[in-house]
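J.: I have a structure I would like to understand better, so I am pasting it below and will then ask my questions one at a time.
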Amino acid sequence: MSKNYLIGFPRIGENRELKRALESYWANETTYNDVLEAASSLKEKHWKEQNAAGICYIPSNDFSLYDNILDTSILLNVIPKRFENLENEELYFALARGTKEEQACEMTKWFNTNYHYIVPELSKDTNFKLNSKKVVDEFKEAKALGIKTKINLTGIITYLGLSKSVDNEDVYLNVNKVLDLYVELLKELDTLDDNLVIQFDEPLFVKDLDSKVLSLIKPIYDTLSKVSKNIKIVVSTYFEHSNEASKILLTTPVWALSLDFIYGLNNLDILQELKDSNKVVIAGVIDGRNVFKSDFNEKIKLLNTIKTYIKEENLLISTSCSLLHVPYTLEVEDKLNIEVKECLSFAREKLNEIRLLSILCFNKRLNQKDQEEIIKNKKISENRKKSSQINNLKLQKELNSLSLVERVGAYEERIKVQKAFFKYDDLATTTIGSFPQTKEVRASRLAYKRKEISKEEYENDMKQYIKDCISFQEEVGLEVLVHGEPERNDMVEYFGEQLEGFAFSQYAWVQSYGSRCVKPPLIYGDVSRPKAMTVSWSTYAQEQTKKIVKGMLTGPVTILNWSFVRDDIPRSEVSKQIALALSYEVDDLQKAGIKMIQVDEAAFKEGYPLRVKNIKEYESWALKSFKLSVSKAHKDTQIHTHMCYSQFNDIITTIEEMDADVITIETSRSGNKLLQIFKEVGYKQEVGPGVYDIHSPRVPSVEEIVKQINLLKEVLPVTQLWINPDCGLKTRKWKEVKESLKNLVEAVSIVRAQKSA
């Protein structure tokens, strides 16, 4: 039997079958039974593929119609009161998507990935009870195919720790209620088969937990481990190391620990104690979050280090985390450069990597095909180190000669020059950048991509849209305009397509949430900018008006965090390369007369490490990257940035150090509460707190926006405030946008009149 193990597998489908099934159902074009049939077909296909690939421990209950944490809420009957009259699929999707009457549960990032989970809502009224149907049914489905799976469950501490209490009670007060249900569940699962393996996912263990939470680990896993001798319990952590929790788990009867040795190399520090405990170690040595092929020589070195402590009979080879975070397969990618493609490994290819590594690690006999693959792997790894497509020696020399780069002039000096130059009023009105991407815009872009229309026809279509955007903004009375970004398919992909070192797949979709999928760029080599990327569009827009038009760029850290990034050099170096490329774009924009430039860092916070001790290093290079990207800006060039993160208390010092002249932020759902920290620290720069929520189709009234602005004025002086929506308007309809922005401008006019009265 192969000595390997799989944490989890993607579920969206090779051709996004689950996405299409869900969206057809939501559009009332198909029935729920059609969704279940599509799901059943996908599960069968995935189990059979894993089995054929030689995976020993194949997961069930890793599949979800929307999200695994949501599934756990259904398992435990954690249902908010507003949905208690719903049931079955109507209830399930209401929790995730809301209803006409009720708001959905909150959705937020799954640790520091681009996946999102549905946040459980706990209250004193939560009626905990077991609903085991999905867990049991999936095990039986696989068993009917002749495949015995291990069963994935969300760990109790992680589930509670990721929940929120609507009563402001300690979420861990519910621990015994949940534990009782899990004991009941294990007793039921115990009847399904002999020698069951049950995986409890506890990624929360990799964070800095306080002693109160750590004290819960032993009683929970002592209790679960003693339910049945027939059940082997695995505790799986990932995305970092979990030494504090692991030491406690060693004192419990759990069968195995699954540890991440890619992003949590400090897990190596606990190997001696693991050796003494004689527990099974599931070694996550294949990257479950990235798409680059494993270097087998390096992996064997790592495994040999692990094997000096862990006996072979106690070692299993695995991925660092679930393969949920990578695309399905490379097989259908027929347009990728061959040198780039051979460096990649998606989910299906990683199954083979697991198999081959387990053969190599345990000195099993290789057949001829396997030998050829291993020789090829070595050659590819060597080629990556010397390939001219990957390594740009001229760029590396330029980067090595750079010192710490700062903008010319302190903020106080710059803002005086900028106010004199731009002459904008207090409470200046603007938007974040994008306007609705109409079906006509998307159709034109697609036709150009397919070479169905000429470049000239395409550019004329985009220019007409820009002209219309400018005309509308002037008509409504906005003071600082944007060109609307019709030429941009995506805020990262647009830039990646014009930078050296990026590649783009055709079908490498990854689930972000529910049916929402993203196709991240692939940064495979050194990044450089062969020519200007945005100047022609921005200057065309500026020619249409006497008002200020902002130039719009995506920042280096956001481009990095929303891409699959090469793993052969540090991420900080890749970020620096992107920043240098953007610095030339900033310079070209200002030379062309675009003197107000927004460099968005929407994903700056997203990249934060999970461990507090690692944050300082991340902030250091991320800050340097942002500063490098705007370092060529003159004193009279005003740099804006936008951050889509609504909690700033823990990063306010970093925001100050970014030294942008203006920052726009998401705050509309919180009144002025999230702005308080800016006042507390004496923040000097100008701020544009969003005054209405663009994630909702509703149009805010003039009175609402006036109230919101007056709340902002309680915190910061009008001399420091800009007025704008929360975020870009790309996903909204034009009717909503026009009415909302008219109301925004009218509200500002009213507030200004109040001030002068």
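Chain labels follow the order of the structure tokens: the first chain is A, the next B, and so on; residue numbering restarts at 1 in every chain, and ligands are counted from 1 in their shown order.
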Neighbours of Glu138 in chain A within 9 Å (only C-alpha atoms; same-chain residues fewer than 6 positions away dropped), as an MDAnalysis selection string?
T.: chainID A and resid 43 60:61 63 151
J.: Write out as a PyMOL selection string all residues of range 309-528 of chain A that backbone DSSP assigns to alpha helix (DSSP H).
T.: chain A and resi 338-341+347-361+368-386+393-400+411-422+439-449+455-476+493-496
J.: Excluding same-chain residues fewer than 6 positions from Leu344 in chain A, what lies within 12 Å of it counting only C-alpha atoms, as a PyMOL selection string?
T.: chain A and resi 287+290-295+326-331+333+336-338+350+353+377+380-381+384+503+505+508+522-524+564-567
J.: Between CA of Glu382 in chain A and CA of Ile569 in chain A, measure the distance and give it in Å to one decimal.
T.: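 Pair CA of Glu382 in chain A / CA of Ile569 in chain A returns 14.2 Å.
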J.: Taking the DSSP assignment computed from this structure's backbone, write out as a count of residues only all residues of range 151-301 of chain A that belong to strand (DSSP E).
T.: 30
J.: Considering only C-alpha atoms, state which residue in the set A:Glu500, A:Asp568, A:Ser132, A:Asp276 is at the smallest distance from Lys386 in chain A.
T.: A:Asp568
J.: May I have the residues within 10 Å of range 82-93 of chain A as an mmCIF file with N, CA and C atoms, in the first residue's frame, using only C-alpha atoms and disregarding those fewer than 4 positions away in the same chain?
T.:
data_model
loop_
_atom_site.group_PDB
_atom_site.id
_atom_site.type_symbol
_atom_site.label_atom_id
_atom_site.label_comp_id
_atom_site.auth_asym_id
_atom_site.auth_seq_id
_atom_site.Cartn_x
_atom_site.Cartn_y
_atom_site.Cartn_z
ATOM 1 N N TRP A 26 -29.810 28.792 -9.168
ATOM 2 C CA TRP A 26 -30.155 30.098 -8.587
ATOM 3 C C TRP A 26 -30.954 30.962 -9.564
ATOM 4 N N TYR A 32 -33.006 21.691 -7.865
ATOM 5 C CA TYR A 32 -31.978 21.329 -6.880
ATOM 6 C C TYR A 32 -31.466 19.916 -7.136
ATOM 7 N N LEU A 65 -21.170 22.179 -1.468
ATOM 8 C CA LEU A 65 -21.915 22.941 -2.472
ATOM 9 C C LEU A 65 -21.608 24.434 -2.375
ATOM 10 N N TYR A 66 -21.049 24.854 -1.248
ATOM 11 C CA TYR A 66 -20.716 26.272 -1.095
ATOM 12 C C TYR A 66 -19.455 26.455 -0.263
ATOM 13 N N LEU A 70 -19.727 26.469 6.362
ATOM 14 C CA LEU A 70 -21.187 26.514 6.274
ATOM 15 C C LEU A 70 -21.765 25.121 6.480
ATOM 16 N N ASP A 71 -21.133 24.114 5.885
ATOM 17 C CA ASP A 71 -21.594 22.731 6.066
ATOM 18 C C ASP A 71 -21.556 22.332 7.537
ATOM 19 N N SER A 73 -21.882 24.362 10.063
ATOM 20 C CA SER A 73 -23.005 25.038 10.728
ATOM 21 C C SER A 73 -24.293 24.235 10.561
ATOM 22 N N ILE A 74 -24.493 23.668 9.366
ATOM 23 C CA ILE A 74 -25.665 22.812 9.138
ATOM 24 C C ILE A 74 -25.546 21.536 9.965
ATOM 25 N N ASN A 77 -26.467 22.538 13.405
ATOM 26 C CA ASN A 77 -27.699 23.326 13.500
ATOM 27 C C ASN A 77 -27.450 24.730 14.068
ATOM 28 N N VAL A 78 -26.365 25.335 13.652
ATOM 29 C CA VAL A 78 -26.079 26.715 14.055
ATOM 30 C C VAL A 78 -26.780 27.631 13.051
ATOM 31 N N ARG A 97 -26.217 33.340 0.939
ATOM 32 C CA ARG A 97 -26.529 34.378 -0.045
ATOM 33 C C ARG A 97 -27.636 35.339 0.378
ATOM 34 N N GLY A 98 -28.269 35.043 1.526
ATOM 35 C CA GLY A 98 -29.355 35.891 1.983
ATOM 36 C C GLY A 98 -30.648 35.607 1.247
ATOM 37 N N THR A 99 -31.685 36.320 1.616
ATOM 38 C CA THR A 99 -32.981 36.252 0.943
ATOM 39 C C THR A 99 -33.406 37.686 0.625
ATOM 40 N N GLU A 101 -35.618 39.253 2.068
ATOM 41 C CA GLU A 101 -35.932 39.923 3.338
ATOM 42 C C GLU A 101 -34.746 39.980 4.290
ATOM 43 N N GLU A 102 -33.849 38.979 4.240
ATOM 44 C CA GLU A 102 -32.827 38.860 5.274
ATOM 45 C C GLU A 102 -31.410 38.841 4.696
ATOM 46 N N GLN A 103 -30.506 39.446 5.452
ATOM 47 C CA GLN A 103 -29.108 39.525 5.039
ATOM 48 C C GLN A 103 -28.397 38.199 5.279
ATOM 49 N N ALA A 104 -27.523 37.826 4.361
ATOM 50 C CA ALA A 104 -26.729 36.599 4.500
ATOM 51 C C ALA A 104 -25.793 36.703 5.690
ATOM 52 N N GLY A 514 -18.384 30.020 -2.879
ATOM 53 C CA GLY A 514 -19.582 29.569 -3.586
ATOM 54 C C GLY A 514 -19.290 29.210 -5.025
#
J.: Do a neighbour search on range 680-693 of chain A at 8 Å with only C-alpha atoms, toss out local chain neighbours closer than 4 positions, and write the hits as a PyMOL selection string.
T.: chain A and resi 411+656+659-669+675-676+700+705+708-709+712+719-727
J.: Show me, as a list in words, the residues that have an atom within 12 Å of Glu459 in chain A when counting only C-alpha atoms, minus same-chain residues fewer than 6 positions from it.
T.: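 Using only C-alpha atoms, the neighbours found are Val441, Ser444, Arg445, Ala447, Tyr448, Ile453, Tyr465, Ile466, Lys467, Pro486, Glu487, Ser536, Trp537 and Tyr540 of chain A.
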J.: Which residues, written as a ChimeraX atom specification, have at least one atom at most 12 Å from Ser277 in chain A, with only C-alpha atoms counted and residues fewer than 5 positions away on the same chain left out?
T.: /A:246-257,270-272,309-311,314
J.: Show me a table, sorted first by chain and then by increasing residue number, of the residues of range 642-664 of chain A having an atom at most 6 Å from range 597-603 of chain A, each with its shortest atom pair and the distance in Å to one decimal, counting only C-alpha atoms and written as a Markdown table.
T.:
| residue | atom | partner | partner_atom | distance |
| --- | --- | --- | --- | --- |
| A:His642 | CA | A:Asp600 | CA | 4.8 |
| A:Met643 | CA | A:Ala602 | CA | 4.4 |
| A:Cys644 | CA | A:Ala602 | CA | 4.9 |
J.: Just how far from CA of Phe422 in chain A is CA of Thr554 in chain A, in Å to one decimal?
T.: 23.0 Å
J.: Nearest residue to Ser583 in chain A out of A:Glu406, A:Thr653, A:Asp67, A:Leu610, using only C-alpha atoms?
T.: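 Looking only at the distances to Ser583 in chain A, the closest residue turns out to be A:Glu406.
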J.: Take CA of Leu478 in chain A and CA of Thr431 in chain A and report the distance between them in Å, one decimal.
T.: 8.4 Å
J.: Measuring between only C-alpha atoms, which one of A:Ser701, A:Gln473, A:Ser403, A:Thr154 shows the shortest distance to Phe435 in chain A?
T.: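 Among A:Ser701, A:Gln473, A:Ser403, A:Thr154, it is A:Gln473 that comes nearest to Phe435 in chain A.
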J.: Given only C-alpha atoms as the basis, pick out the residue of A:Asn367, A:Ser388, A:Thr72, A:Ser563 nearest to Ile118 in chain A.
T.: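 Nearest candidate to Ile118 in chain A out of A:Asn367, A:Ser388, A:Thr72, A:Ser563: A:Thr72.
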J.: Please determine, counting only C-alpha atoms, which residue among A:Gly288, A:Lys129, A:Val183, A:Glu202 has the shortest atom-to-atom distance to Asp222 in chain A.
T.: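 Nearest candidate to Asp222 in chain A out of A:Gly288, A:Lys129, A:Val183, A:Glu202: A:Val183.
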